[in-house]
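So this block is target_12.cif, mmCIF, C-alpha atoms and all ligand atoms:
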```cif
data_query
loop_
_atom_site.label_atom_id
_atom_site.label_comp_id
_atom_site.auth_asym_id
_atom_site.auth_seq_id
_atom_site.Cartn_x
_atom_site.Cartn_y
_atom_site.Cartn_z
CA MET A 915 49.52 31.48 -8.33
CA LYS A 916 46.39 31.08 -10.42
CA ILE A 917 47.34 27.50 -11.23
CA LYS A 918 47.74 26.71 -7.52
CA LYS A 919 44.31 28.19 -6.80
CA TYR A 920 42.75 26.05 -9.54
CA VAL A 921 44.41 22.91 -8.16
CA VAL A 922 43.15 23.66 -4.65
CA ALA A 923 39.64 24.32 -5.99
CA ILE A 924 39.64 21.02 -7.92
CA ILE A 925 40.79 19.10 -4.82
CA VAL A 926 38.06 20.72 -2.69
CA LEU A 927 35.41 19.99 -5.34
CA ALA A 928 36.53 16.36 -5.70
CA THR A 929 36.43 15.93 -1.91
CA LEU A 930 32.87 17.29 -1.75
CA LEU A 931 31.75 14.98 -4.56
CA LEU A 932 33.34 11.91 -2.98
CA ALA A 933 32.16 12.70 0.55
CA PRO A 934 28.87 10.70 0.31
CA ALA A 935 30.74 7.65 -0.96
CA ILE A 936 33.29 7.97 1.85
CA ALA A 937 30.49 8.39 4.42
CA SER A 938 28.72 5.23 3.20
CA ALA A 939 31.63 2.98 4.04
CA GLN A 940 31.51 -0.70 3.27
CA TYR A 941 30.07 -2.98 5.91
CA SER A 942 29.83 -6.70 6.47
CA ASP A 943 28.46 -9.23 8.91
CA SER A 944 28.82 -12.95 9.48
CA ILE A 945 27.58 -15.72 11.76
CA SER A 946 28.64 -19.30 12.35
CA ASP A 947 26.76 -22.39 13.48
CA SER A 948 27.76 -25.81 14.73
CA THR A 949 27.18 -29.00 12.73
CA GLY A 950 25.06 -31.98 13.65
CA ASP A 951 22.49 -29.71 15.33
CA VAL A 952 19.50 -30.17 13.04
CA PHE A 953 16.04 -30.56 14.59
CA HIS A 954 13.63 -33.26 13.51
CA TRP A 955 9.88 -32.86 13.89
CA GLU A 956 7.57 -35.85 13.60
CA TRP A 957 3.83 -36.35 13.77
CA ASP A 958 2.29 -39.82 13.86
CA GLY A 959 -1.34 -38.78 13.76
CA THR A 960 -1.92 -38.75 17.51
CA SER A 961 1.17 -37.08 18.99
CA TYR A 962 4.28 -35.29 17.85
CA ARG A 963 7.86 -35.12 19.05
CA TRP A 964 11.05 -33.20 18.44
CA ARG A 965 14.51 -34.70 18.16
CA GLU A 966 17.63 -32.62 18.51
CA ASN A 967 21.11 -32.92 17.03
CA VAL A 968 20.13 -34.94 14.01
CA GLU A 969 22.38 -35.40 10.96
CA ARG A 970 20.97 -33.74 7.85
CA PRO A 971 24.03 -32.30 6.06
CA ASP A 972 22.32 -30.55 3.14
CA ILE A 973 20.40 -28.23 5.47
CA ASP A 974 22.91 -28.19 8.34
CA ILE A 975 23.95 -24.52 8.52
CA THR A 976 27.61 -23.88 9.25
CA GLY A 977 27.72 -20.15 8.56
CA ALA A 978 26.39 -17.13 6.69
CA SER A 979 27.79 -13.76 5.68
CA ILE A 980 26.94 -10.50 3.96
CA SER A 981 29.15 -7.72 2.63
CA GLU A 982 28.42 -4.46 0.83
CA SER A 983 30.50 -3.22 -2.08
CA GLY A 984 29.89 -1.00 -5.07
CA GLY A 985 26.16 -0.69 -4.60
CA TYR A 986 25.59 -4.42 -4.13
CA ILE A 987 25.11 -6.76 -1.18
CA TYR A 988 26.70 -10.16 -1.39
CA ALA A 989 24.96 -12.70 0.83
CA SER A 990 25.85 -16.33 1.39
CA ILE A 991 24.59 -19.36 3.33
CA GLU A 992 26.98 -22.22 3.94
CA VAL A 993 25.91 -25.77 4.85
CA LYS A 994 27.75 -28.92 5.87
CA GLY A 995 26.58 -30.82 2.80
CA THR A 996 25.60 -29.37 -0.58
CA ILE A 997 23.03 -26.80 -1.65
CA ARG A 998 20.17 -28.50 -3.43
CA ALA A 999 17.61 -27.00 -5.79
CA THR A 1000 14.46 -28.89 -4.82
CA TYR A 1001 11.04 -27.80 -3.63
CA GLU A 1002 11.32 -29.81 -0.38
CA ILE A 1003 14.21 -27.68 0.86
CA HIS A 1004 14.18 -23.98 1.79
CA TYR A 1005 17.27 -21.87 2.52
CA ASN A 1006 16.40 -18.61 4.19
CA ILE A 1007 18.40 -15.61 5.42
CA MET A 1008 16.80 -12.64 7.19
CA LEU A 1009 18.58 -9.26 7.22
CA VAL A 1010 17.66 -6.15 9.22
CA ASP A 1011 18.65 -2.55 8.57
CA GLU A 1012 19.44 0.27 11.01
CA ASP A 1013 15.70 0.99 11.44
CA GLY A 1014 14.80 -2.62 12.22
CA GLU A 1015 13.20 -3.21 8.81
CA SER A 1016 13.41 -6.83 7.62
CA TYR A 1017 14.74 -8.14 4.30
CA ASN A 1018 13.75 -11.77 3.85
CA ILE A 1019 15.58 -13.82 1.20
CA TRP A 1020 14.84 -17.49 0.57
CA TYR A 1021 15.84 -20.03 -2.04
CA THR A 1022 13.84 -23.10 -3.04
CA ASP A 1023 13.37 -25.22 -6.17
CA GLY A 1024 15.89 -23.20 -8.15
CA VAL A 1025 14.32 -19.80 -7.50
CA CYS A 1026 15.48 -17.09 -5.09
CA TYR A 1027 12.86 -14.73 -3.64
CA ILE A 1028 13.16 -11.50 -1.71
CA GLN A 1029 10.62 -9.64 0.37
CA SER A 1030 11.66 -6.24 1.70
CA PRO A 1031 9.97 -2.91 2.55
CA HIS A 1032 10.87 -1.70 -0.96
CA PHE A 1033 10.85 -4.75 -3.17
CA TYR A 1034 9.17 -8.12 -3.61
CA GLY A 1035 10.19 -10.48 -6.37
CA THR A 1036 12.85 -12.87 -7.55
CA LEU A 1037 16.61 -12.47 -7.69
CA GLU A 1038 18.51 -13.55 -10.77
CA GLN A 1039 22.10 -13.49 -9.55
CA VAL A 1040 22.17 -16.71 -7.56
CA SER A 1041 24.80 -19.44 -7.60
CA GLY A 1042 26.24 -22.26 -5.54
CA VAL A 1043 23.84 -25.14 -6.20
CA GLY A 1044 25.82 -28.37 -5.87
CA THR A 1045 28.43 -26.72 -3.66
CA SER A 1046 28.40 -26.02 0.08
CA THR A 1047 27.63 -22.29 -0.29
CA LEU A 1048 24.59 -20.55 -1.71
CA GLU A 1049 25.54 -17.08 -3.01
CA VAL A 1050 23.14 -14.24 -3.78
CA LEU A 1051 23.87 -10.77 -5.14
CA LEU A 1052 21.43 -8.00 -4.15
CA SER A 1053 21.23 -4.49 -5.57
CA LEU A 1054 21.17 -1.69 -3.01
CA GLU A 1055 18.82 0.11 -5.37
CA ASP A 1056 16.28 -2.70 -4.99
CA LEU A 1057 16.74 -2.61 -1.21
CA GLY A 1058 16.11 1.13 -0.95
CA TYR A 1059 19.71 2.01 0.00
CA PRO A 1060 19.71 1.04 3.68
CA ALA A 1061 22.61 2.62 5.60
CA SER A 1062 23.61 -0.77 6.98
CA LEU A 1063 22.43 -4.36 7.12
CA GLU A 1064 22.97 -7.17 9.62
CA ILE A 1065 22.14 -10.86 9.68
CA ALA A 1066 19.16 -11.46 11.93
CA SER A 1067 18.63 -15.17 11.35
CA VAL A 1068 19.34 -18.05 8.98
CA GLU A 1069 16.95 -20.99 8.69
CA THR A 1070 16.66 -24.11 6.59
CA HIS A 1071 13.80 -26.60 6.18
CA ASP A 1072 13.67 -30.00 4.60
CA TRP A 1073 10.11 -31.18 4.21
CA LEU A 1074 10.42 -34.93 3.74
CA ASP A 1075 7.08 -35.15 2.05
CA ASP A 1076 3.97 -33.05 2.04
CA VAL A 1077 2.40 -31.76 5.25
CA GLU A 1078 0.22 -34.84 5.75
CA SER A 1079 3.25 -37.05 6.33
CA GLY A 1080 4.09 -34.93 9.38
CA GLU A 1081 7.86 -34.94 9.27
CA TYR A 1082 10.52 -32.35 8.51
CA TYR A 1083 14.05 -31.26 9.40
CA TYR A 1084 14.97 -27.78 10.54
CA ASP A 1085 18.11 -25.81 11.39
CA THR A 1086 18.50 -22.27 12.68
CA ALA A 1087 21.35 -19.83 13.30
CA GLY A 1088 21.89 -16.13 13.98
CA PRO A 1089 21.15 -13.75 16.85
CA GLU A 1090 17.39 -13.64 16.23
CA ALA A 1091 16.88 -17.25 15.23
CA ASP A 1092 13.74 -18.85 16.58
CA GLU A 1093 14.76 -22.15 18.14
CA PRO A 1094 11.86 -24.60 17.91
CA ILE A 1095 12.51 -26.06 21.38
CA GLU A 1096 14.84 -25.74 24.31
CA ASP A 1097 15.92 -28.98 25.92
CA ASP A 1098 17.26 -28.35 29.42
CA ASP A 1099 16.98 -31.99 30.48
CA GLU A 1100 20.57 -33.26 30.59
CA ASP A 1101 19.41 -36.74 31.56
CA ASP A 1102 17.62 -37.16 28.27
CA ASP A 1103 20.01 -39.64 26.64
CA ASN A 1104 18.35 -40.03 23.27
CA ASP A 1105 17.69 -36.33 22.75
CA GLU A 1106 13.99 -37.02 22.28
CA ILE A 1107 11.58 -34.45 23.57
CA ASP A 1108 8.16 -35.77 24.45
CA ILE A 1109 5.11 -33.60 24.35
CA ASP A 1110 4.29 -34.75 27.93
CA GLU A 1111 7.23 -32.72 29.26
CA GLY A 1112 5.59 -29.56 28.02
CA ILE A 1113 2.30 -30.57 29.58
CA ILE A 1114 3.98 -31.30 32.92
CA ASP A 1115 5.74 -27.94 32.89
CA ASP A 1116 2.45 -26.32 32.05
CA LEU A 1117 0.69 -28.11 34.91
CA ILE A 1118 3.44 -27.13 37.36
CA GLU A 1119 3.10 -23.54 36.28
CA ARG A 1120 -0.68 -23.69 36.61
CA GLY A 1121 -0.27 -25.43 39.99
CA MET A 1122 1.85 -22.55 41.30
CA TRP A 1123 -0.81 -20.11 40.21
CA CYS A 1124 -3.53 -22.16 41.91
CA LEU A 1125 -1.45 -22.32 45.10
CA ALA A 1126 -0.97 -18.57 45.01
CA LEU A 1127 -4.70 -18.01 44.53
CA ILE A 1128 -5.52 -20.40 47.38
CA ILE A 1129 -3.35 -18.31 49.70
CA ILE A 1130 -4.29 -14.85 48.42
CA ILE A 1131 -8.08 -15.23 48.14
CA PRO A 1132 -8.72 -16.11 51.87
CA ILE A 1133 -6.47 -13.20 52.93
CA VAL A 1134 -8.46 -10.79 50.77
CA ILE A 1135 -11.77 -12.16 52.12
CA ILE A 1136 -10.55 -11.79 55.75
CA ILE A 1137 -9.46 -8.19 55.08
CA ILE A 1138 -12.87 -7.37 53.59
CA ILE A 1139 -14.68 -8.95 56.58
CA VAL A 1140 -12.52 -7.01 59.07
CA ILE A 1141 -13.22 -3.71 57.24
CA VAL A 1142 -16.99 -4.40 57.20
CA VAL A 1143 -17.04 -5.34 60.92
CA ILE A 1144 -15.12 -2.18 61.88
CA LYS A 1145 -17.55 -0.02 59.89
CA VAL A 1146 -20.59 -1.72 61.49
CA LEU A 1147 -19.17 -1.25 65.02
CA LYS A 1148 -18.49 2.44 64.37
CA LYS A 1149 -22.02 2.89 63.07
CA ASP A 1150 -23.47 1.25 66.22
CA ASP A 1151 -21.44 3.57 68.50
CA ASN A 1152 -22.78 6.65 66.73
CA GLY A 1153 -26.41 5.37 66.85
CA GLY A 1154 -26.56 5.19 70.77
CA GLU A 1155 -26.14 8.97 71.30
CA GLN A 1156 -28.86 11.59 70.79
CA PRO A 1157 -28.09 14.20 68.24
CA PRO A 1158 -27.14 17.47 70.01
CA GLN A 1159 -29.77 19.55 68.22
CA GLN A 1160 -32.58 17.24 69.38
CA GLN A 1161 -31.35 17.08 73.02
CA TYR A 1162 -31.26 20.82 73.60
CA GLN A 1163 -34.03 22.02 71.34
CA GLN A 1164 -36.64 24.37 72.95
CA PRO A 1165 -40.07 22.77 72.74
CA PRO A 1166 -42.69 24.97 71.04
CA PRO A 1167 -45.21 26.81 73.38
CA PRO A 1168 -48.65 25.22 73.77
CA SER A 1169 -51.39 26.77 71.69
CA GLY A 1170 -53.40 29.60 73.47
CA GLN A 1171 -50.70 30.44 76.03
CA PRO A 1172 -49.58 34.09 75.87
CA PRO A 1173 -46.07 34.70 74.93
CA LYS A 1174 -43.65 35.10 77.77
CA GLN A 1175 -43.15 38.76 78.67
CA ASN A 1176 -39.77 40.23 78.69
CA GLN A 1177 -38.69 40.72 82.33
CA GLY A 1178 -37.30 44.25 83.02
CA GLY A 1179 -37.77 45.37 79.47
CA GLN A 1180 -39.44 48.64 78.41
CA GLY A 1181 -42.55 46.81 77.35
CA GLY A 1182 -43.05 45.53 81.01
CA GLN A 1183 -45.79 47.08 83.30
CA THR A 1184 -45.42 47.72 87.09
CA PRO A 1185 -48.58 46.59 89.05
CA PRO A 1186 -50.54 49.54 90.72
CA PRO A 1187 -50.00 50.15 94.52
CA PRO A 1188 -52.75 48.96 96.96
CA PRO A 1189 -55.41 51.56 98.00
CA GLY A 1190 -54.47 53.76 101.00
CA SER A 1191 -50.76 53.29 100.65
CA ARG A 1192 -50.20 56.92 99.54
CA CA B 1 24.00 -26.23 12.03
#
```
Using C-alpha cells, write down the structure from this file.
Amino acid sequence: MKIKKYVVAIIVLATLLLAPAIASAQYSDSISDSTGDVFHWEWDGTSYRWRENVERPDIDITGASISESGGYIYASIEVKGTIRATYEIHYNIMLVDEDGESYNIWYTDGVCYIQSPHFYGTLEQVSGVGTSTLEVLLSLEDLGYPASLEIASVETHDWLDDVESGEYYYDTAGPEADEPIEDDDEDDDNDEIDIDEGIIDDLIERGMWCLALIIIIPIVIIIIIVIVVIKVLKKDDNGGEQPPQQQYQQPPPPSGQPPKQNQGGQGGQTPPPPPGSR
C-alpha cells in the first residue's frame, strides 16, 4: 500500500511541476500575400506618383509565419524571388502580443535587428539569404515571455538609390499592414495613380463642407434674428403698461395739512349743541 501511495504522490507532483508548461501551449500564426503586387513610388523633383502591381520579385512577399516551441519563436518571411543581404533592401515583420505590445524585427545588409518592449539589439540566428525564405530564431527570454504572439504586418522596401533619387519599391502584407495607397479607379488601365486624383478628392470633400456651411450659416442667422425680434416685441408690450405699484400708490399729504382724523374712532370729538337747545 505504501508503494501505491508513493506512486500516486509522484504522479501528482509531476503533474504540478508540468502544469505551467502544459498551460503555455505552443502557438503559431501565418499570413499569405499575392505576387506581382509591389508598389512603386517615384519623385521627379516636381511631382510624385505611385504605381501598383509592379514586378519586383526579391521584395515581393508571398507569406510569413511564426511558431513557438521550446522557449523559442521561429519567424520567417517568404518572397517570390530570393532574400538579398544588401543595404538597399529591408525585410520587416511586426509581431504583437496579447497586450498589444509590438515586436519589430527587420533585416538589412546582413544584420537582423529587433526592437521590443524588453529588448533592443541584433539577432544572431538568422538564415535564408540566397533562398526564398528569411528565417529568424528569437528567444522567449529576450522577448519577456509573452503569452502569445501574432503577425501584425510584414513589409519590404527596396530603395533603388539614396533618398535624393526619389524612387523605391514597397510591398506589404498582414492584417495591420499600412497600404501606401488605395486605387478604387477601375478605369485606370496603366495602374498609375496621379497626385491630381488626391487633390480632386480633397477639393470635392472641401466643396461638400463649403456647401454645408452655405446652407447652415443662413439658417442659424435667421434663427438668431427671429429670437431677437421676439424678445424685442415682448419687451415693447411690457413697456406700454404702468407698473401696478405706481398706478395705485397713495400720494403723500401736502405739507401743513393736518392729518385726517379717524371717523368714529375713540379719538374723535362730537361738536357741542347750539345754545338754548337744552
Ligand atoms: Ca506580394
So how many Å separate atom CA of A:Asp943 and atom CA of A:Tyr1059, to one decimal?
16.8 Å
Please give me, as a list of chain:residue names, the residues lying within 7 Å of ligand CA 1 (chain B) when counting all atoms listed in the file.
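Counting all atoms listed in the file, the residues within 7 Å of ligand CA 1 (chain B) come out as A:Asp947, A:Ser948, A:Thr949, A:Gly950, A:Asp951, A:Val952, A:Asp974, A:Ile975, A:Thr976, A:Asp1085, A:Thr1086.
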Give me, as a list in words, all polymer residues having an atom no more than 12 Å from A:Glu1093, counting only C-alpha atoms and skipping those fewer than 2 positions away in the same chain.
Asp951, Val952, Phe953, Trp964, Glu966, Ser1067, Val1068, Glu1069, Thr1070, Tyr1084, Asp1085, Thr1086, Ala1087, Gly1088, Pro1089, Glu1090, Ala1091, Ile1095, Glu1096 and Asp1097 of chain A
For the selection just defined, write its residues with C-alpha atoms to a file, as a PDB file, in the coordinates of the input.
```
ATOM      1  CA  ASP A 951      22.490 -29.710  15.330  1.00  0.00           C
ATOM      2  CA  VAL A 952      19.500 -30.170  13.040  1.00  0.00           C
ATOM      3  CA  PHE A 953      16.040 -30.560  14.590  1.00  0.00           C
ATOM      4  CA  TRP A 964      11.050 -33.200  18.440  1.00  0.00           C
ATOM      5  CA  GLU A 966      17.630 -32.620  18.510  1.00  0.00           C
ATOM      6  CA  SER A1067      18.630 -15.170  11.350  1.00  0.00           C
ATOM      7  CA  VAL A1068      19.340 -18.050   8.980  1.00  0.00           C
ATOM      8  CA  GLU A1069      16.950 -20.990   8.690  1.00  0.00           C
ATOM      9  CA  THR A1070      16.660 -24.110   6.590  1.00  0.00           C
ATOM     10  CA  TYR A1084      14.970 -27.780  10.540  1.00  0.00           C
ATOM     11  CA  ASP A1085      18.110 -25.810  11.390  1.00  0.00           C
ATOM     12  CA  THR A1086      18.500 -22.270  12.680  1.00  0.00           C
ATOM     13  CA  ALA A1087      21.350 -19.830  13.300  1.00  0.00           C
ATOM     14  CA  GLY A1088      21.890 -16.130  13.980  1.00  0.00           C
ATOM     15  CA  PRO A1089      21.150 -13.750  16.850  1.00  0.00           C
ATOM     16  CA  GLU A1090      17.390 -13.640  16.230  1.00  0.00           C
ATOM     17  CA  ALA A1091      16.880 -17.250  15.230  1.00  0.00           C
ATOM     18  CA  ILE A1095      12.510 -26.060  21.380  1.00  0.00           C
ATOM     19  CA  GLU A1096      14.840 -25.740  24.310  1.00  0.00           C
ATOM     20  CA  ASP A1097      15.920 -28.980  25.920  1.00  0.00           C
TER      21      ASP A1097
END
```
Could you tell me how far atom CA of A:Glu1049 lies from atom CA of A:His1032, in Å and to one decimal?
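Atom-to-atom, atom CA of A:Glu1049 to atom CA of A:His1032, that is 21.4 Å.
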Residue nearest A:Gln1039 - candidates A:Tyr941, A:Tyr1021, A:Tyr1082, A:Tyr1005, atoms counted: all atoms listed in the file
A:Tyr1021
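The space separating atom CA of A:Tyr988 from atom CA of A:Leu1051 comes to 4.7 Å.
Each of A:Asp958, A:Glu1081, A:Asp1056, A:Glu1038 was checked against A:Gly1024 using only C-alpha atoms; the smallest atom-to-atom distance is that of A:Glu1038.
The shortest atom-to-atom distance to A:Pro971, with all atoms listed in the file taken into account, belongs to A:Val993 out of A:Ile1003, A:Val993, A:Ile1137, A:Ile1019.
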If I wrap all listed atoms of stretch 945-962 of chain A in a box with edges along x, y and z and add 6 Å on each side, what are its centre and edge lengths in Å to one decimal, as lines of an AutoDock Vina configuration file?
```
center_x = 13.4
center_y = -27.8
center_z = 15.4
size_x = 42.6
size_y = 36.1
size_z = 19.2
```
Quick one: everything within 9 Å of A:Leu1037, counting only C-alpha atoms, minus sequence neighbours fewer than 5 positions away in the same chain. Send it as a count of residues only.
7
Skipping near chain neighbours, those fewer than 5 positions away, what residues fall within 6 Å of A:Ser990 using all atoms listed in the file, listed as a list in words?
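With the cut-off at 6 Å, the set is Ala978, Ser979, Leu1048 and Glu1049 of chain A.
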Take the residues from that selection and write them out as a PDB file, in the coordinates of the input, keeping C-alpha atoms.
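Output saved as selection.pdb:
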```pdb
ATOM      1  CA  ALA A 978      26.390 -17.130   6.690  1.00  0.00           C
ATOM      2  CA  SER A 979      27.790 -13.760   5.680  1.00  0.00           C
ATOM      3  CA  LEU A1048      24.590 -20.550  -1.710  1.00  0.00           C
ATOM      4  CA  GLU A1049      25.540 -17.080  -3.010  1.00  0.00           C
TER       5      GLU A1049
END
```
